[in-house]
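Here is the structure we will look at, set down as structure tokens.
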Amino acid sequence: ARIAVFGTDGRFERSIGRRGQGPGEFMICELIDLSDGILKSVDYNLHRTTHYRTDGRLIDTFPGRGRFNIGPDLFFSLTHPSRYDQNGHLWMGSGFLVTDAAGDTVGTTALQQVRINYEFETPGHGKGGKSRPPVPYIDQPFGLYVSDGSVLLTDGVNPVLMWYRLDGSIRKKIETGIPPRPVTPQERDRFFRDLDSQIRVADDNQQVYLEWLKDAVVFPQYRTLWNHISVDDAGYIWLEGFEMEFERHDRGGGHTYYLFSPEGEFLGSTRAPAAGRITRGFFLGEVTDPETDRVEYAVWRLIPRIEGFVYP
């Protein structure tokens with residue numbers, strides 16, 4: 001429920017925010033952007049985004065999931081847009097929404113559209129009754145706003161990056177050339193074993209939801225490809241590959257990053273010692289001790305070379 005600020009030497013400098021529900025307070029906070037001297041953090045419990053200056057001074061709070069200011073009276077948020085077709089079927093997707101200060105839509109898009117295979121009790125559509133399974137699996141959209149007036153976005157499952165303008169039109173489509181990875185039976189079994197473990201320790205309300213989820217969810221055909229996307233100061237695109245714990249241990253720990261030029265050309269992959277974000281010529285990584293599960297943060301400097309950035 002706070003943001004901790006460290007120098008590049010690892011020394012703690014200050015914290016921003018505290019637990020609570022008032023202005024500048026959090027229940028759960030996640031850093032979503034740090035640019036132009038503005039720190040933007042979303043609180044999914046309170047459904048709002050808070051803006052700070054990097055010295056800790058509060059600027060303002062805004063309602064909505066992941067909604068943050070990107071220009072004069074423009075706001076951006078990752079979202080799950082939905083629509084009804086002419087037959088009254090509900091389709092859901094993952095994408096982004098840009099609105100002006102009055103709340104009017106400036107631009108919107110969806111990375112994918114998935115038909116909901118059951119009918120909602122929705123006014124105006126006359127379907128009636130309660131929703132029923134199956135529930136389609138829709139991977140969360142993630143990405144970032146790029147300061148030149150465009151959005152780089154992926155849904156994590158598909159081997160494609162979409163580069164949009166703020167009005168929703170496509171600026172560039174980047175085919176990574178990395179094939180989708182099918183879900184194995186072992187991974188599916190592990191998912192439901194973990195779900196059973198959660199059910200055993202959940203309270204009554206959570207158990208009802210988790211039991212419903214267990215019966216209703218349609219497990220995805222393909223597994224997640226990416227965990228995170230970063231763009232460094234030189235415009236290079238870094239995709240953190242999604243790996244299961246046993247895969248990382250088999251490969252000596254760490255994480256794989258796939259590197260693309262600012263034009264979208266695949267330059268290769270590199271094994272990073274940790275998962276993290278890349279900014280201002282530095283890589284901020286999270287390192288977990290496998291014996292104690294203690295989590296620490298480390299900072300590496302990125303060295304520019306002809307073939308792209310590498311870890312020293």
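Each chain of the structure tokens is named A, B, ... in the order shown, its residues numbered from 1; ligands are numbered from 1 in display order.
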DSSP helix (DSSP H, G or I) residues within stretch 43-250 of chain A, listed as a ChimeraX atom specification: /A:185-201,204-216,245-250
Mind pulling up the distance from atom CA of A:Thr99 to atom CA of A:Phe75? 5.3 Å
When you look at A:Lys173 with a cut-off of 8 Å (counting only C-alpha atoms), what residues show up, excluding the ones that are within fewer than 4 positions of it in the same chain? I need them as a compact mmCIF listing (two decimals) with N, CA, C and O atoms, in the first residue's frame.
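The resulting part_16.txt:
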# COMPACT_ATOMS: atom_id res chain seq x y z
N VAL A 160 1.89 -11.33 -31.40
CA VAL A 160 1.76 -10.10 -32.17
C VAL A 160 1.71 -8.91 -31.22
O VAL A 160 1.06 -8.95 -30.18
N LEU A 161 2.43 -7.84 -31.58
CA LEU A 161 2.35 -6.57 -30.87
C LEU A 161 1.58 -5.60 -31.75
O LEU A 161 1.85 -5.51 -32.94
N MET A 162 0.64 -4.88 -31.16
CA MET A 162 -0.12 -3.89 -31.90
C MET A 162 0.30 -2.50 -31.45
O MET A 162 0.32 -2.21 -30.25
N TRP A 163 0.63 -1.67 -32.42
CA TRP A 163 1.06 -0.30 -32.14
C TRP A 163 -0.04 0.61 -32.68
O TRP A 163 -0.23 0.73 -33.89
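Considering only C-alpha atoms, the residue among A:His255, A:His228, A:Arg165, A:His89 positioned nearest to A:Gln140 is A:His228.
Nearest to A:Arg18 of all the residues A:Gly56, A:Gly37, A:Gly253, A:Gly168 is A:Gly56, counting only C-alpha atoms.
Proximity ranking of A:Val42, A:Val231, A:Gly22, A:Leu111 relative to A:Ile3 places A:Val42 first, based on only C-alpha atoms.
The nearest approach to A:Glu30 among the residues A:Asn205, A:Ser197, A:Gln221, A:Thr50, with only C-alpha atoms taken into account, belongs to A:Thr50.
Each of A:Glu187, A:Ile199, A:Glu286, A:Thr79 was compared to A:Glu247 using only C-alpha atoms, and A:Glu187 turns out to be the nearest.
Counting only C-alpha atoms and comparing A:Asp9, A:Asp43, A:Asp167, A:Glu263, the residue that lies closest to A:Leu97 is A:Asp167.
For the atom pair formed by atom CA of A:Ile237 and atom CA of A:Leu259, the distance is 5.8 Å, given to one decimal.
Between atom CA of A:Leu58 and atom CA of A:Leu144 the separation is 22.4 Å.
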Strand (DSSP E or B) call set, DSSP backbone run, stretch 3-245 of chain A, as a ChimeraX atom specification: /A:3-6,12-16,18-19,25-26,30-35,38-43,48-53,58-63,68-71,74-79,82-84,90-100,105-115,135,142-146,150-154,160-165,170-175,181-182,217,222-223,226-231,237-241
